[in-house]
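What follows is the content of protein00.cif (mmCIF, C-alpha atoms and all ligand atoms).
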data_upload
#
loop_
_atom_site.label_atom_id
_atom_site.label_comp_id
_atom_site.auth_asym_id
_atom_site.auth_seq_id
_atom_site.Cartn_x
_atom_site.Cartn_y
_atom_site.Cartn_z
CA MET A 17 21.18 -29.32 -72.70
CA LYS A 18 20.17 -27.04 -75.61
CA ARG A 19 22.90 -24.93 -77.23
CA GLU A 20 21.82 -21.32 -77.23
CA THR A 21 23.12 -18.10 -75.71
CA ILE A 22 20.21 -16.11 -74.35
CA LEU A 23 20.11 -12.44 -73.38
CA VAL A 24 17.22 -11.37 -71.10
CA ILE A 25 16.80 -7.57 -71.09
CA GLY A 26 14.84 -6.24 -68.10
CA ALA A 27 15.90 -9.36 -66.18
CA ASN A 28 15.24 -7.90 -62.70
CA GLY A 29 11.57 -7.22 -63.32
CA GLN A 30 8.53 -9.29 -62.36
CA ILE A 31 8.75 -11.66 -65.33
CA GLY A 32 12.55 -11.67 -65.70
CA THR A 33 13.08 -12.69 -62.06
CA ALA A 34 10.94 -15.80 -62.59
CA LEU A 35 12.01 -16.52 -66.18
CA LEU A 36 15.77 -16.47 -65.62
CA PRO A 37 15.94 -19.67 -63.48
CA ARG A 38 13.70 -21.49 -66.00
CA LEU A 39 15.98 -20.54 -68.89
CA GLN A 40 19.07 -21.47 -66.85
CA ALA A 41 17.57 -24.91 -66.14
CA LEU A 42 16.82 -25.42 -69.85
CA TYR A 43 19.95 -23.99 -71.43
CA GLY A 44 22.60 -24.01 -68.68
CA THR A 45 23.54 -21.26 -66.20
CA ASN A 46 26.40 -19.97 -68.33
CA SER A 47 24.21 -19.71 -71.44
CA VAL A 48 21.80 -17.15 -69.98
CA ILE A 49 22.78 -13.50 -69.46
CA GLY A 50 20.52 -11.26 -67.41
CA ALA A 51 20.74 -7.53 -68.16
CA ASP A 52 19.05 -4.58 -66.49
CA LEU A 53 19.51 -0.96 -65.46
CA ARG A 54 20.12 -2.01 -61.86
CA GLN A 55 21.92 -4.89 -60.14
CA PRO A 56 19.75 -7.90 -59.16
CA GLU A 57 18.82 -8.23 -55.47
CA HIS A 58 19.80 -11.91 -55.46
CA PRO A 59 22.39 -12.42 -58.20
CA ALA A 60 22.45 -15.91 -59.72
CA GLY A 61 24.35 -16.55 -62.93
CA LEU A 62 25.67 -14.10 -65.51
CA PHE A 63 24.55 -10.48 -65.22
CA GLU A 64 25.41 -7.26 -67.07
CA LEU A 65 24.34 -3.70 -66.31
CA LEU A 66 22.67 -2.37 -69.46
CA ASP A 67 20.62 0.63 -70.50
CA ALA A 68 18.85 -0.84 -73.53
CA THR A 69 18.13 2.66 -74.88
CA LYS A 70 21.87 2.71 -75.73
CA ALA A 71 22.22 0.82 -79.02
CA ASP A 72 26.03 0.60 -78.88
CA ALA A 73 26.08 -0.93 -75.40
CA LEU A 74 23.46 -3.48 -76.43
CA ALA A 75 25.38 -4.38 -79.62
CA GLU A 76 28.61 -4.80 -77.64
CA LEU A 77 26.89 -7.32 -75.32
CA VAL A 78 25.34 -9.25 -78.21
CA ARG A 79 28.74 -9.46 -79.97
CA ARG A 80 30.73 -10.32 -76.83
CA TYR A 81 28.48 -13.21 -75.82
CA ARG A 82 27.52 -14.26 -79.39
CA VAL A 83 23.87 -14.06 -78.38
CA THR A 84 21.46 -16.34 -80.31
CA GLN A 85 18.17 -15.40 -78.58
CA ILE A 86 16.88 -12.19 -76.95
CA TYR A 87 13.97 -11.88 -74.51
CA HIS A 88 13.17 -8.16 -74.42
CA LEU A 89 11.30 -7.52 -71.14
CA ALA A 90 12.33 -3.91 -70.42
CA ALA A 91 9.34 -1.55 -70.57
CA ILE A 92 7.40 1.08 -68.65
CA LEU A 93 4.03 -0.43 -67.74
CA SER A 94 0.52 1.02 -67.94
CA ALA A 95 0.06 3.01 -64.71
CA LYS A 96 3.63 4.28 -64.44
CA GLY A 97 3.59 5.27 -68.12
CA GLU A 98 0.69 7.66 -67.57
CA SER A 99 2.80 9.70 -65.11
CA ASP A 100 5.12 10.75 -67.96
CA PRO A 101 3.80 9.60 -71.36
CA ILE A 102 6.63 10.96 -73.54
CA TRP A 103 9.30 9.39 -71.33
CA ALA A 104 7.41 6.05 -71.40
CA TRP A 105 6.98 6.20 -75.19
CA ASN A 106 10.64 7.05 -75.77
CA LEU A 107 11.89 4.27 -73.50
CA ASN A 108 9.53 1.62 -74.86
CA MET A 109 10.19 2.55 -78.49
CA GLN A 110 13.94 3.13 -78.27
CA THR A 111 14.60 -0.17 -76.50
CA LEU A 112 12.31 -2.00 -78.96
CA LEU A 113 14.01 -0.59 -82.07
CA ASN A 114 17.47 -1.22 -80.60
CA VAL A 115 16.56 -4.86 -79.95
CA LEU A 116 15.09 -5.41 -83.42
CA GLU A 117 18.06 -3.74 -85.13
CA VAL A 118 20.72 -5.56 -83.11
CA ALA A 119 18.94 -8.86 -83.79
CA ARG A 120 18.84 -8.14 -87.55
CA LEU A 121 22.45 -6.94 -87.80
CA HIS A 122 23.97 -9.67 -85.62
CA HIS A 123 21.89 -12.59 -86.89
CA VAL A 124 20.16 -13.33 -83.59
CA ARG A 125 18.09 -16.48 -84.26
CA LYS A 126 14.97 -15.70 -82.18
CA VAL A 127 13.52 -12.71 -80.35
CA PHE A 128 10.70 -12.56 -77.79
CA ILE A 129 8.92 -9.22 -77.36
CA PRO A 130 5.84 -9.35 -75.10
CA SER A 131 2.68 -7.40 -75.79
CA SER A 132 -0.28 -7.01 -73.43
CA ILE A 133 -4.07 -6.92 -73.12
CA ALA A 134 -3.36 -3.16 -72.91
CA ALA A 135 -3.09 -3.19 -76.72
CA PHE A 136 -6.92 -3.34 -76.81
CA GLY A 137 -9.18 -0.34 -76.24
CA GLU A 138 -12.66 1.06 -76.56
CA HIS A 139 -13.69 -0.63 -79.81
CA ALA A 140 -12.59 -4.19 -79.03
CA PRO A 141 -15.35 -6.54 -77.80
CA LYS A 142 -15.02 -6.73 -73.99
CA PHE A 143 -15.84 -10.43 -73.70
CA GLU A 144 -13.89 -13.18 -75.48
CA THR A 145 -11.89 -10.44 -77.22
CA PRO A 146 -10.80 -12.04 -80.50
CA GLN A 147 -7.25 -12.25 -81.87
CA THR A 148 -8.02 -9.74 -84.60
CA ALA A 149 -10.09 -7.20 -82.61
CA SER A 150 -9.34 -3.55 -83.29
CA LEU A 151 -6.42 -2.05 -81.37
CA ASP A 152 -7.19 1.47 -80.12
CA PRO A 153 -5.54 1.61 -76.68
CA ALA A 154 -6.24 4.28 -74.08
CA THR A 155 -2.73 4.44 -72.55
CA VAL A 156 0.71 5.37 -73.85
CA TYR A 157 1.80 1.88 -72.75
CA GLY A 158 -0.91 0.32 -74.94
CA ILE A 159 0.04 2.53 -77.88
CA SER A 160 3.67 1.42 -77.50
CA LYS A 161 2.55 -2.25 -77.44
CA VAL A 162 0.53 -1.85 -80.65
CA ALA A 163 3.52 -0.16 -82.28
CA ALA A 164 5.81 -2.96 -81.05
CA GLU A 165 3.47 -5.58 -82.52
CA ASN A 166 3.53 -3.84 -85.90
CA TRP A 167 7.32 -3.33 -85.85
CA SER A 168 7.75 -7.03 -85.02
CA LEU A 169 5.59 -8.03 -87.98
CA TYR A 170 7.56 -5.61 -90.19
CA TYR A 171 10.94 -7.08 -89.18
CA HIS A 172 9.61 -10.57 -89.78
CA LYS A 173 8.23 -9.78 -93.24
CA ARG A 174 11.03 -7.51 -94.41
CA TYR A 175 14.11 -9.18 -92.87
CA GLY A 176 12.87 -12.69 -91.97
CA LEU A 177 13.57 -12.07 -88.26
CA ASP A 178 12.03 -14.82 -86.11
CA VAL A 179 10.29 -12.55 -83.62
CA ARG A 180 7.54 -14.00 -81.42
CA SER A 181 5.11 -12.40 -78.99
CA LEU A 182 2.28 -12.97 -76.49
CA ARG A 183 -0.37 -10.51 -75.32
CA TYR A 184 0.07 -11.29 -71.62
CA PRO A 185 -2.84 -10.68 -69.25
CA GLY A 186 -2.03 -9.35 -65.74
CA ILE A 187 0.57 -11.70 -64.30
CA ILE A 188 0.47 -12.86 -60.69
CA SER A 189 3.63 -14.09 -58.99
CA TYR A 190 5.30 -14.35 -55.61
CA GLN A 191 8.95 -14.07 -56.75
CA SER A 192 9.00 -10.24 -56.93
CA MET A 193 6.69 -7.24 -56.87
CA PRO A 194 5.20 -5.98 -60.15
CA GLY A 195 6.57 -2.82 -61.75
CA GLY A 196 3.79 -0.21 -62.06
CA GLY A 197 0.85 -1.79 -63.85
CA THR A 198 -2.93 -1.65 -63.48
CA THR A 199 -3.17 -5.34 -62.53
CA ASP A 200 -0.59 -4.96 -59.70
CA TYR A 201 -3.35 -5.01 -57.06
CA ALA A 202 -3.75 -8.75 -57.66
CA VAL A 203 -0.19 -9.35 -56.41
CA ALA A 204 -0.10 -6.75 -53.62
CA ILE A 205 -3.36 -8.13 -52.13
CA PHE A 206 -1.66 -11.47 -51.37
CA HIS A 207 1.24 -9.76 -49.57
CA ALA A 208 -1.23 -7.89 -47.35
CA ALA A 209 -3.33 -11.01 -46.62
CA VAL A 210 -0.34 -13.18 -45.69
CA GLN A 211 1.00 -10.45 -43.38
CA GLY A 212 -2.39 -10.12 -41.66
CA GLN A 213 -2.94 -6.56 -42.89
CA PRO A 214 -6.04 -4.93 -44.45
CA PHE A 215 -5.72 -4.03 -48.13
CA ASP A 216 -6.69 -0.83 -49.97
CA CYS A 217 -7.64 -1.87 -53.50
CA PHE A 218 -7.21 0.78 -56.22
CA LEU A 219 -9.81 -0.88 -58.49
CA ALA A 220 -13.55 -1.24 -57.82
CA GLU A 221 -14.72 -4.60 -56.53
CA ASP A 222 -16.51 -5.60 -59.77
CA THR A 223 -13.64 -4.85 -62.18
CA LEU A 224 -13.28 -8.04 -64.23
CA LEU A 225 -9.83 -8.42 -65.84
CA PRO A 226 -7.85 -11.19 -67.60
CA MET A 227 -5.08 -12.58 -65.35
CA MET A 228 -2.58 -15.44 -65.34
CA TYR A 229 -0.39 -17.19 -62.78
CA MET A 230 3.33 -16.82 -63.50
CA ASP A 231 3.85 -20.56 -64.01
CA ASP A 232 1.38 -20.53 -66.88
CA ALA A 233 2.92 -17.35 -68.33
CA LEU A 234 6.40 -18.88 -68.31
CA ARG A 235 5.20 -22.14 -69.82
CA ALA A 236 3.35 -20.26 -72.56
CA THR A 237 6.48 -18.20 -73.29
CA LEU A 238 8.79 -21.21 -73.51
CA GLU A 239 6.28 -23.26 -75.51
CA LEU A 240 5.90 -20.40 -78.00
CA MET A 241 9.67 -19.95 -78.29
CA GLU A 242 10.21 -23.72 -78.77
CA ALA A 243 7.41 -24.16 -81.33
CA PRO A 244 8.55 -25.01 -84.88
CA GLU A 245 8.56 -21.91 -87.09
CA ASN A 246 5.84 -23.32 -89.36
CA ARG A 247 3.42 -23.39 -86.37
CA ILE A 248 3.66 -19.63 -85.84
CA SER A 249 0.95 -17.94 -87.90
CA VAL A 250 0.79 -14.71 -85.85
CA ARG A 251 3.78 -12.36 -86.03
CA THR A 252 2.15 -9.41 -84.29
CA SER A 253 1.25 -11.05 -80.96
CA TYR A 254 -0.87 -13.98 -79.78
CA ASN A 255 -3.88 -13.53 -77.50
CA LEU A 256 -3.28 -15.54 -74.32
CA ALA A 257 -5.79 -16.38 -71.58
CA GLY A 258 -5.55 -17.93 -68.14
CA MET A 259 -8.43 -16.82 -65.94
CA SER A 260 -10.53 -13.68 -65.36
CA PHE A 261 -11.69 -12.43 -61.97
CA THR A 262 -12.79 -9.29 -60.11
CA PRO A 263 -11.19 -7.94 -56.92
CA ALA A 264 -14.27 -9.18 -55.00
CA GLU A 265 -13.83 -12.71 -56.37
CA LEU A 266 -10.11 -12.67 -55.58
CA THR A 267 -10.86 -11.43 -52.05
CA ALA A 268 -13.39 -14.24 -51.52
CA SER A 269 -10.82 -16.77 -52.73
CA ILE A 270 -8.22 -15.42 -50.27
CA GLN A 271 -10.82 -15.38 -47.45
CA THR A 272 -11.12 -19.18 -47.72
CA TYR A 273 -7.63 -19.14 -46.08
CA PHE A 274 -7.92 -15.88 -44.06
CA PRO A 275 -11.63 -15.38 -43.17
CA ASP A 276 -10.91 -12.07 -41.35
CA PHE A 277 -9.05 -10.50 -44.30
CA VAL A 278 -10.44 -6.99 -44.98
CA VAL A 279 -10.34 -5.17 -48.34
CA ARG A 280 -11.32 -1.50 -48.72
CA TYR A 281 -12.12 -0.32 -52.25
CA LYS A 282 -10.60 3.04 -53.20
CA PRO A 283 -10.56 3.30 -57.01
CA ASP A 284 -8.06 5.82 -58.43
CA PHE A 285 -6.85 6.81 -61.94
CA ARG A 286 -6.10 3.15 -62.71
CA GLN A 287 -9.84 2.38 -62.77
CA ALA A 288 -10.22 4.13 -66.15
CA ILE A 289 -7.30 2.12 -67.54
CA ALA A 290 -8.82 -1.16 -66.33
CA ASP A 291 -12.22 -0.16 -67.75
CA SER A 292 -10.63 0.28 -71.20
CA TRP A 293 -9.30 -3.32 -71.26
CA PRO A 294 -10.98 -6.62 -72.17
CA ARG A 295 -12.80 -8.66 -69.52
CA THR A 296 -12.06 -12.08 -71.04
CA ILE A 297 -9.79 -13.14 -73.91
CA ASP A 298 -10.30 -15.59 -76.79
CA ASP A 299 -6.94 -17.37 -77.19
CA SER A 300 -8.14 -20.05 -79.63
CA VAL A 301 -5.47 -19.16 -82.22
CA ALA A 302 -2.64 -19.86 -79.74
CA ARG A 303 -4.39 -23.11 -78.77
CA GLN A 304 -4.66 -24.17 -82.43
CA ASP A 305 -1.20 -23.08 -83.58
CA TRP A 306 1.08 -24.36 -80.83
CA GLY A 307 -1.21 -26.18 -78.40
CA TRP A 308 -1.58 -23.58 -75.64
CA LYS A 309 -3.62 -24.65 -72.58
CA PRO A 310 -3.57 -22.92 -69.17
CA GLU A 311 -3.28 -25.02 -66.00
CA TYR A 312 -4.09 -22.55 -63.20
CA ASP A 313 -7.56 -21.34 -62.21
CA LEU A 314 -8.37 -18.92 -59.36
CA PRO A 315 -8.45 -21.47 -56.49
CA HIS A 316 -5.23 -23.17 -57.63
CA MET A 317 -3.43 -19.85 -58.07
CA THR A 318 -4.63 -18.60 -54.66
CA GLN A 319 -3.36 -21.75 -52.96
CA GLU A 320 0.06 -21.45 -54.62
CA MET A 321 0.46 -17.74 -53.85
CA ILE A 322 -0.47 -18.17 -50.18
CA THR A 323 1.76 -21.23 -49.75
CA GLN A 324 4.77 -19.54 -51.34
CA LEU A 325 4.36 -16.16 -49.62
CA SER A 326 3.76 -17.82 -46.23
CA THR A 327 7.22 -19.42 -46.44
CA ILE A 328 8.74 -16.03 -47.37
CA TYR A 329 7.04 -14.02 -44.57
CA HIS A 330 7.08 -16.55 -41.72
P1 LIG B 401 8.80 -4.83 -64.78
O1 LIG B 401 8.45 -3.39 -64.77
O2 LIG B 401 8.60 -5.63 -63.55
O3 LIG B 401 10.33 -5.00 -65.20
C1 LIG B 401 10.92 -4.27 -66.24
C2 LIG B 401 12.42 -4.29 -66.01
O4 LIG B 401 13.02 -3.55 -67.08
C3 LIG B 401 12.85 -3.62 -64.70
O5 LIG B 401 13.69 -4.47 -63.95
C4 LIG B 401 13.60 -2.37 -65.16
O6 LIG B 401 14.69 -2.01 -64.32
C5 LIG B 401 14.08 -2.81 -66.54
N1 LIG B 401 14.36 -1.67 -67.43
C6 LIG B 401 13.64 -0.53 -67.57
N2 LIG B 401 14.24 0.29 -68.47
C7 LIG B 401 15.36 -0.35 -68.90
C8 LIG B 401 16.37 -0.02 -69.81
N3 LIG B 401 16.39 1.16 -70.46
N4 LIG B 401 17.37 -0.90 -70.03
C9 LIG B 401 17.39 -2.10 -69.36
N5 LIG B 401 16.44 -2.46 -68.48
C10 LIG B 401 15.43 -1.59 -68.24
O7 LIG B 401 8.04 -5.49 -66.02
P2 LIG B 401 7.51 -6.99 -66.14
O8 LIG B 401 6.23 -7.08 -65.43
O9 LIG B 401 8.59 -7.95 -65.84
O10 LIG B 401 7.16 -7.02 -67.70
C11 LIG B 401 8.07 -7.49 -68.67
C12 LIG B 401 7.43 -7.31 -70.03
O11 LIG B 401 6.19 -8.03 -70.07
C13 LIG B 401 7.09 -5.86 -70.38
O12 LIG B 401 7.26 -5.66 -71.76
C14 LIG B 401 5.63 -5.76 -70.04
O13 LIG B 401 4.98 -4.77 -70.81
C15 LIG B 401 5.13 -7.13 -70.41
N6 LIG B 401 3.91 -7.48 -69.72
C16 LIG B 401 3.92 -7.67 -68.37
C17 LIG B 401 2.73 -7.98 -67.72
C18 LIG B 401 2.67 -8.23 -66.24
O14 LIG B 401 1.56 -8.38 -65.69
N7 LIG B 401 3.81 -8.27 -65.55
C19 LIG B 401 1.54 -8.08 -68.46
C20 LIG B 401 1.57 -7.82 -69.83
C21 LIG B 401 2.76 -7.54 -70.45
C1 LIG B 402 -0.18 -3.63 -66.55
O1 LIG B 402 -1.11 -3.68 -65.73
O2 LIG B 402 0.26 -2.59 -67.05
C2 LIG B 402 0.42 -4.94 -66.99
C3 LIG B 402 -0.23 -5.39 -68.24
C4 LIG B 402 -1.51 -6.13 -68.18
O3 LIG B 402 0.27 -5.16 -69.30
N1 LIG B 402 0.31 -5.88 -65.93
#

Rewrite the structure from the file as structure tokens, please.
Amino acid sequence: MKRETILVIGANGQIGTALLPRLQALYGTNSVIGADLRQPEHPAGLFELLDATKADALAELVRRYRVTQIYHLAAILSAKGESDPIWAWNLNMQTLLNVLEVARLHHVRKVFIPSSIAAFGEHAPKFETPQTASLDPATVYGISKVAAENWSLYYHKRYGLDVRSLRYPGIISYQSMPGGGTTDYAVAIFHAAVQGQPFDCFLAEDTLLPMMYMDDALRATLELMEAPENRISVRTSYNLAGMSFTPAELTASIQTYFPDFVVRYKPDFRQAIADSWPRTIDDSVARQDWGWKPEYDLPHMTQEMITQLSTIYH
């Protein structure tokens, strides 16, 4: 078992809920501390209530547990952020700066701070968006991700902090519901299908977006964090691709299991956010640097989601 003490901030969210058991299996249950604003629904292992906007509370935790790695997952996502942009900016920035500062001051060995396809905007090529495409996001969430990427690079260059990052696409998982993003439809649609209900989709049927099954996202995260330091050439954030599909293609994939499944398309304000994002991602730099390769395509992901949710609902 590897000897690290890992703090996961935002542990009760979509990614944290799935990441925690993986980290516990790798590093030992008592070496992983989940932290969040609210108690977990199904507590397993060490947990601390934490508001990561409070620097002193965060520093106390890092000192008490002698934390060696931080995964900083707390954030306000794209759709929710647009309801109150200043609140979203303040939360995303304050938690980010607190994490970077505590890591610098307390000699935390490694930090993971995710970015997103939301970092891209109008002037990035829509197809096979390259690693170095321009970053002019349309949402406050995207602006906070671009800022986080630049702060991460700054802390690496100025203080030698080993901070690593991935630009996640929309992540699809069965373990918990997503927390207010534009790609959330691609999770909610499975819950409706498995329960035999029709689904109102808030994006138009031809909206092509980059997506990834949670298993691939977790493997990418752990592979990046385990990679030798000399293999990490990108200290802003790596492009990462799994698959891309439209709501119509996802519906057709689900209908191979539930032929009578009905989807009604009712685009809302999230359509404009989706339209500002890439359609497909070029992740060749991650592939070259640390050997990234996705395993899940649309049919494989659909099969897994339906199998897992069927055992939960029935
Ligand atoms: P989520 O919204 O599901 O979870 C975020 C968690 O952070 C929640 O449990 C929330 O209670 C917690 N939190 C919020 N404010 C906090 C604070 N002040 N202190 C402590 N905890 C706080 O988000 P997620 O989907 O798990 O995403 C995790 C990270 O990955 C985020 O940075 C997000 O931007 C990024 N990301 C996610 C996706 C995706 O599709 N899920 C895609 C791209 C990037
Ligand atoms: C969102 O839709 O906001 C997230 C993301 C792609 O960053 N899922």

Inset, instruction - For ligand LIG 402 (chain B), list the contacting residues at 7 Å or closer, counting only C-alpha atoms and all ligand atoms, as a PyMOL selection string. - result: chain A and resi 93-95+132-134+184-187+196-200

Inset, instruction - Tell me which of A:Thr84, A:Gln40, A:Gln147, A:Ser192 sits closest to ligand LIG 401 (chain B), counting all atoms listed in the file. - result: A:Ser192

Inset, instruction - Using all atoms listed in the file, determine which residues fall within 8 Å of ligand LIG 401 (chain B), then list them as a PyMOL selection string. - result: chain A and resi 25-33+51-54+65-70+88-94+107+111+129-134+157+161+183-188+193-197+199-200+227

Export of prior selection with C-alpha atoms as a CSV table (one decimal), in the frame of the given file:
chain,number,residue,atom,x,y,z
A,25,ILE,CA,16.8,-7.6,-71.1
A,26,GLY,CA,14.8,-6.2,-68.1
A,27,ALA,CA,15.9,-9.4,-66.2
A,28,ASN,CA,15.2,-7.9,-62.7
A,29,GLY,CA,11.6,-7.2,-63.3
A,30,GLN,CA,8.5,-9.3,-62.4
A,31,ILE,CA,8.8,-11.7,-65.3
A,32,GLY,CA,12.6,-11.7,-65.7
A,33,THR,CA,13.1,-12.7,-62.1
A,51,ALA,CA,20.7,-7.5,-68.2
A,52,ASP,CA,19.0,-4.6,-66.5
A,53,LEU,CA,19.5,-1.0,-65.5
A,54,ARG,CA,20.1,-2.0,-61.9
A,65,LEU,CA,24.3,-3.7,-66.3
A,66,LEU,CA,22.7,-2.4,-69.5
A,67,ASP,CA,20.6,0.6,-70.5
A,68,ALA,CA,18.8,-0.8,-73.5
A,69,THR,CA,18.1,2.7,-74.9
A,70,LYS,CA,21.9,2.7,-75.7
A,88,HIS,CA,13.2,-8.2,-74.4
A,89,LEU,CA,11.3,-7.5,-71.1
A,90,ALA,CA,12.3,-3.9,-70.4
A,91,ALA,CA,9.3,-1.6,-70.6
A,92,ILE,CA,7.4,1.1,-68.6
A,93,LEU,CA,4.0,-0.4,-67.7
A,94,SER,CA,0.5,1.0,-67.9
A,107,LEU,CA,11.9,4.3,-73.5
A,111,THR,CA,14.6,-0.2,-76.5
A,129,ILE,CA,8.9,-9.2,-77.4
A,130,PRO,CA,5.8,-9.4,-75.1
A,131,SER,CA,2.7,-7.4,-75.8
A,132,SER,CA,-0.3,-7.0,-73.4
A,133,ILE,CA,-4.1,-6.9,-73.1
A,134,ALA,CA,-3.4,-3.2,-72.9
A,157,TYR,CA,1.8,1.9,-72.8
A,161,LYS,CA,2.6,-2.2,-77.4
A,183,ARG,CA,-0.4,-10.5,-75.3
A,184,TYR,CA,0.1,-11.3,-71.6
A,185,PRO,CA,-2.8,-10.7,-69.2
A,186,GLY,CA,-2.0,-9.4,-65.7
A,187,ILE,CA,0.6,-11.7,-64.3
A,188,ILE,CA,0.5,-12.9,-60.7
A,193,MET,CA,6.7,-7.2,-56.9
A,194,PRO,CA,5.2,-6.0,-60.2
A,195,GLY,CA,6.6,-2.8,-61.8
A,196,GLY,CA,3.8,-0.2,-62.1
A,197,GLY,CA,0.8,-1.8,-63.8
A,199,THR,CA,-3.2,-5.3,-62.5
A,200,ASP,CA,-0.6,-5.0,-59.7
A,227,MET,CA,-5.1,-12.6,-65.4

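Going from CA of Arg80 (chain A) to CA of Glu64 (chain A) covers 11.5 Å.
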
Legend entry - Interatomic distance (Å, one decimal) between CA of Met228 (chain A) and CA of Arg286 (chain A): 19.1 Å

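For the residues A:Leu77, A:Val179, A:Ala149, A:Leu234, ranking by smallest atom-to-atom distance to Leu112 (chain A) using all atoms listed in the file places A:Val179 first.
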
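Contact shell of Gln211 (chain A) at 10 Å (all atoms listed in the file; same-chain neighbours under 6 positions omitted): Leu325, Ser326, Tyr329 and His330 of chain A.
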
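The coordinates place CA of Met241 (chain A) at 7.1 Å from CA of Arg180 (chain A).
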
Inset, instruction - Please provide the set of residues having any atom within 10 Å of Asp284 (chain A), restricted to all atoms listed in the file, with same-chain residues fewer than 6 positions apart removed, written as a PyMOL selection string. - result: chain A and resi 217-220

Legend entry - Counting all atoms listed in the file, the option among A:Gln55, A:Leu225, A:Val118, A:Leu39 closest to Leu74 (chain A): A:Val118

Starting from the incomplete input, reconstruct N, CA and C atoms of region 127-141 of chain A and report them as a CSV table (one decimal), in the frame of the given file.
chain,number,residue,atom,x,y,z
A,127,VAL,N,13.7,-13.8,-81.3
A,127,VAL,CA,13.5,-12.7,-80.4
A,127,VAL,C,12.1,-12.8,-79.8
A,128,PHE,N,12.0,-12.6,-78.4
A,128,PHE,CA,10.7,-12.6,-77.8
A,128,PHE,C,10.4,-11.2,-77.3
A,129,ILE,N,9.3,-10.6,-77.8
A,129,ILE,CA,8.9,-9.2,-77.4
A,129,ILE,C,7.5,-9.3,-76.9
A,130,PRO,N,7.2,-9.2,-75.6
A,130,PRO,CA,5.8,-9.4,-75.1
A,130,PRO,C,5.0,-8.1,-75.4
A,131,SER,N,3.7,-8.4,-75.7
A,131,SER,CA,2.7,-7.4,-75.8
A,131,SER,C,1.8,-7.6,-74.6
A,132,SER,N,0.6,-7.1,-74.6
A,132,SER,CA,-0.3,-7.0,-73.4
A,132,SER,C,-1.7,-6.9,-73.8
A,133,ILE,N,-2.6,-7.2,-72.9
A,133,ILE,CA,-4.1,-6.9,-73.1
A,133,ILE,C,-4.3,-5.4,-73.2
A,134,ALA,N,-3.3,-4.6,-72.8
A,134,ALA,CA,-3.4,-3.2,-72.9
A,134,ALA,C,-3.3,-2.7,-74.4
A,135,ALA,N,-3.1,-3.6,-75.3
A,135,ALA,CA,-3.1,-3.2,-76.7
A,135,ALA,C,-4.5,-2.9,-77.2
A,136,PHE,N,-5.5,-3.5,-76.4
A,136,PHE,CA,-6.9,-3.3,-76.8
A,136,PHE,C,-7.5,-2.1,-76.2
A,137,GLY,N,-8.5,-1.6,-76.8
A,137,GLY,CA,-9.2,-0.3,-76.2
A,137,GLY,C,-10.7,-0.4,-76.5
A,138,GLU,N,-11.2,0.8,-76.6
A,138,GLU,CA,-12.7,1.1,-76.6
A,138,GLU,C,-13.4,0.2,-77.6
A,139,HIS,N,-12.9,0.0,-78.8
A,139,HIS,CA,-13.7,-0.6,-79.8
A,139,HIS,C,-13.5,-2.1,-79.9
A,140,ALA,N,-12.7,-2.7,-79.0
A,140,ALA,CA,-12.6,-4.2,-79.0
A,140,ALA,C,-13.7,-4.8,-78.2
A,141,PRO,N,-14.3,-5.9,-78.6
A,141,PRO,CA,-15.4,-6.5,-77.8
A,141,PRO,C,-14.8,-6.8,-76.4
